[in-house]
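Enquirer: Next comes the structure file coords.cif, holding mmCIF, C-alpha atoms.
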data_upload
#
loop_
_atom_site.label_atom_id
_atom_site.label_comp_id
_atom_site.auth_asym_id
_atom_site.auth_seq_id
_atom_site.Cartn_x
_atom_site.Cartn_y
_atom_site.Cartn_z
CA MET A 11 0.00 0.00 0.00
CA HIS A 12 1.24 3.47 -0.89
CA GLY A 13 0.85 6.43 1.43
CA LEU A 14 0.08 10.07 0.89
CA ASN A 15 2.02 12.88 2.55
CA LYS A 16 0.50 16.14 1.27
CA ALA A 17 -1.05 19.33 2.59
CA TYR A 18 -3.02 21.72 0.38
CA LEU A 19 -3.40 25.31 1.56
CA ILE A 20 -4.90 28.51 0.18
CA GLY A 21 -4.07 31.68 2.06
CA HIS A 22 -2.35 35.04 2.24
CA ILE A 23 1.39 35.65 2.63
CA GLY A 24 2.24 37.15 6.03
CA GLN A 25 5.45 39.01 5.09
CA ASP A 26 7.44 39.96 2.02
CA PRO A 27 9.44 36.86 0.98
CA GLU A 28 13.24 37.07 1.21
CA LEU A 29 15.17 34.97 -1.29
CA ARG A 30 18.31 33.36 0.16
CA THR A 31 20.91 30.89 -1.06
CA THR A 32 21.85 27.82 0.99
CA ALA A 33 25.44 26.73 1.60
CA ALA A 34 24.85 24.08 -1.09
CA GLY A 35 23.87 26.79 -3.62
CA ARG A 36 20.09 26.18 -3.67
CA GLN A 37 17.61 29.06 -3.74
CA LEU A 38 15.41 29.17 -0.61
CA VAL A 39 12.42 31.18 0.61
CA LYS A 40 10.74 30.72 4.00
CA LEU A 41 7.41 32.43 4.57
CA SER A 42 4.24 32.29 6.61
CA LEU A 43 0.83 31.67 5.05
CA ALA A 44 -2.39 32.64 6.84
CA THR A 45 -5.46 30.47 6.24
CA PRO A 46 -8.91 31.40 7.62
CA HIS A 47 -10.34 29.60 10.62
CA SER A 48 -13.88 30.25 11.88
CA ARG A 49 -15.00 29.54 15.42
CA LYS A 50 -18.09 30.39 17.38
CA VAL A 51 -17.66 32.82 20.29
CA GLY A 52 -20.93 33.17 22.13
CA GLU A 53 -23.56 33.70 19.45
CA GLU A 54 -21.16 35.07 16.80
CA TRP A 55 -18.76 33.43 14.39
CA VAL A 56 -15.27 34.92 14.56
CA GLU A 57 -12.68 34.41 11.82
CA THR A 58 -9.07 34.13 12.98
CA PRO A 59 -6.07 33.07 10.91
CA ASP A 60 -4.12 29.85 11.31
CA TRP A 61 -0.44 30.43 10.42
CA HIS A 62 1.65 27.91 8.49
CA ARG A 63 5.42 28.12 7.95
CA LEU A 64 6.36 27.18 4.38
CA THR A 65 9.72 26.50 2.74
CA LEU A 66 10.22 26.82 -1.01
CA PHE A 67 13.31 25.74 -2.94
CA ASP A 68 14.89 26.36 -6.33
CA LYS A 69 12.55 27.54 -9.14
CA SER A 70 9.54 28.06 -6.87
CA ALA A 71 11.69 30.03 -4.40
CA THR A 72 13.12 32.21 -7.17
CA PHE A 73 9.62 32.89 -8.56
CA ILE A 74 8.06 33.77 -5.19
CA GLY A 75 11.12 35.78 -4.15
CA ALA A 76 10.86 37.87 -7.32
CA TYR A 77 7.10 38.49 -7.46
CA ALA A 78 5.32 37.86 -4.15
CA LYS A 79 4.48 40.49 -1.56
CA LYS A 80 2.84 40.50 1.85
CA GLY A 81 -0.91 39.91 1.51
CA ASP A 82 -0.76 38.10 -1.84
CA MET A 83 -2.90 34.96 -2.10
CA LEU A 84 -1.31 31.61 -2.94
CA ALA A 85 -2.47 28.02 -3.28
CA VAL A 86 0.26 25.53 -2.38
CA GLU A 87 0.78 21.79 -2.43
CA CYS A 88 3.24 20.74 0.27
CA SER A 89 5.04 17.70 1.57
CA ILE A 90 4.86 17.37 5.34
CA ARG A 91 8.22 16.83 7.05
CA PRO A 92 8.24 16.36 10.83
CA ASN A 93 11.45 17.35 12.57
CA LYS A 94 12.73 16.64 16.08
CA TRP A 95 15.91 17.95 17.68
CA THR A 96 17.49 18.43 21.09
CA ASP A 97 19.05 21.78 21.94
CA LYS A 98 22.17 22.47 24.00
CA ASP A 99 20.07 22.46 27.22
CA ASN A 100 18.86 18.93 26.40
CA VAL A 101 15.33 20.15 25.63
CA THR A 102 13.59 18.24 22.83
CA HIS A 103 11.83 20.37 20.20
CA TYR A 104 9.33 19.31 17.56
CA GLU A 105 8.20 21.11 14.43
CA VAL A 106 6.38 20.34 11.24
CA ASN A 107 7.97 21.66 8.06
CA LEU A 108 5.79 22.22 5.00
CA ILE A 109 7.97 21.95 1.89
CA VAL A 110 6.19 23.47 -1.10
CA ASP A 111 6.09 21.19 -4.13
CA ARG A 112 3.79 23.35 -6.29
CA VAL A 113 2.57 26.92 -6.03
CA LEU A 114 -0.34 28.65 -7.77
CA TRP A 115 -0.65 32.42 -7.83
CA LEU A 116 -4.19 33.60 -7.08
CA ASN A 117 -3.77 37.41 -7.32
CA GLY A 118 -4.30 37.61 -11.08
CA LYS A 119 -2.22 40.72 -11.93
CA HIS A 120 1.40 41.72 -11.31
CA ARG A 121 1.87 45.01 -9.45
CA GLY A 122 5.25 45.94 -10.95
CA ALA A 123 5.69 49.58 -12.04
CA GLU A 124 6.81 48.60 -15.54
CA ALA A 125 3.96 46.12 -16.03
CA LYS A 126 1.07 47.70 -14.17
CA ASP A 127 -1.74 45.59 -15.67
CA ALA A 128 0.26 42.75 -17.19
CA PRO A 129 -0.63 39.21 -16.12
CA LEU A 130 1.74 37.64 -13.63
CA PRO A 131 4.19 35.09 -15.07
CA THR A 132 3.21 31.45 -14.60
CA PRO A 133 4.88 29.69 -11.64
CA PRO A 134 7.44 27.05 -12.61
CA GLU A 135 6.55 23.38 -12.85
CA ASP A 136 7.89 21.04 -10.20
CA ASP A 137 11.47 20.27 -11.23
CA GLY A 138 11.67 17.06 -9.18
CA THR A 139 14.68 18.18 -7.10
CA ARG A 140 13.11 17.85 -3.65
#
Let me see the file written as C-alpha cells.

Expert:
Amino acid sequence: MHGLNKAYLIGHIGQDPELRTTAAGRQLVKLSLATPHSRKVGEEWVETPDWHRLTLFDKSATFIGAYAKKGDMLAVECSIRPNKWTDKDNVTHYEVNLIVDRVLWLNGKHRGAEAKDAPLPTPPEDDGTR
C-alpha cells in the first residue's frame, strides 16, 4: 500500500518573501501563510487566521522571491516533514515543516511599475529536485 504525505493550503502571505541561497547553492524562501479559521464565540462566528510556515526551494523560491508580496494569495501543495531535535540544554523540540512542491498564484495581476496591468508570469513546474 502506498501512502500520501500532502497538505493543500490557500491563504495570504504574512510578510514579504526574502530569497536566500543555501550553503549548497540552492535558492530558498521561507514564509508564513495565513489560512482562515472560523469559530463560534458566544452567538457570533469569529474568523481568525491559522499560520503555516512554508519552505520553497529552487525555481519556486526564485519565482516567489521575485514576485510575491505580503498579503498576496497563494495556493500551495506541500510535503509534510516532521522534525525533532534536542538543543544544547537537552530540551527536545518538535516542528512540522511544510515543503512546497507546487505553487499557484491567485492574485491575477502583477503590481510591478513597468507592467502595471500585465498578467503575472506562470509559476514554474515542479522540477523534481526535492

Enquirer: Could you tell me, as a list in words, exactly which residues end up selected when the PyMOL selection byres ((chain A and resi 31-33) around 12) is applied to this structure?

Expert: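 Applied to this file, the PyMOL selection byres ((chain A and resi 31-33) around 12) selects Glu28, Leu29, Arg30, Ala34, Gly35, Arg36, Gln37, Leu38, Val39, Lys40, Leu66, Phe67, Asp68, Ala71, Thr72 and Gly75 of chain A.
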
Enquirer: If you measure from CA of Asn107 (chain A) to CA of Leu14 (chain A), what distance in Å do you get, rounded to one decimal?

Expert: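 Between CA of Asn107 (chain A) and CA of Leu14 (chain A) the gap works out to 15.7 Å.
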
Enquirer: For CA of Ala17 (chain A) and CA of Cys88 (chain A), determine how far apart the two atoms are, in Å to one decimal place.

Expert: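 Taking CA of Ala17 (chain A) as the start and CA of Cys88 (chain A) as the end point, the length is 5.1 Å.
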
Enquirer: Kindly indicate which residue among A:Val101, A:Ile20, A:Leu116, A:Ile109 lies nearest to Ser70 (chain A), using only C-alpha atoms for the distances.

Expert: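 Closest candidate: A:Ile109.
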
Enquirer: Please indicate the distance in Å from CA of His103 (chain A) to CA of Ser42 (chain A), rounded to one decimal place.

Expert: 19.6 Å

Enquirer: Name the residues that the PyMOL selection byres ((chain A and resi 26) around 6) picks from the file above, as a PyMOL selection string, using the file's chain letters and numbers.

Expert: chain A and resi 25+27+79-80

Enquirer: Restricting the calculation to all atoms listed in the file, which member of A:His12, A:Ala78, A:Leu108, A:Asp60 is positioned closest to Ile90 (chain A)?

Expert: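 So, comparing all the options, the nearest one is A:Leu108.
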
Enquirer: Would you mind listing what lies within 7 Å of Val110 (chain A) as a compact mmCIF listing (two decimals) with C-alpha atoms, in the coordinates of the input, with all atoms listed in the file counted and same-chain residues fewer than 4 positions away left out?

Expert:
# COMPACT_ATOMS: atom_id res chain seq x y z
CA LEU A 64 6.36 27.18 4.38
CA THR A 65 9.72 26.50 2.74
CA LEU A 66 10.22 26.82 -1.01
CA VAL A 86 0.26 25.53 -2.38
CA GLU A 87 0.78 21.79 -2.43
CA CYS A 88 3.24 20.74 0.27
CA SER A 89 5.04 17.70 1.57
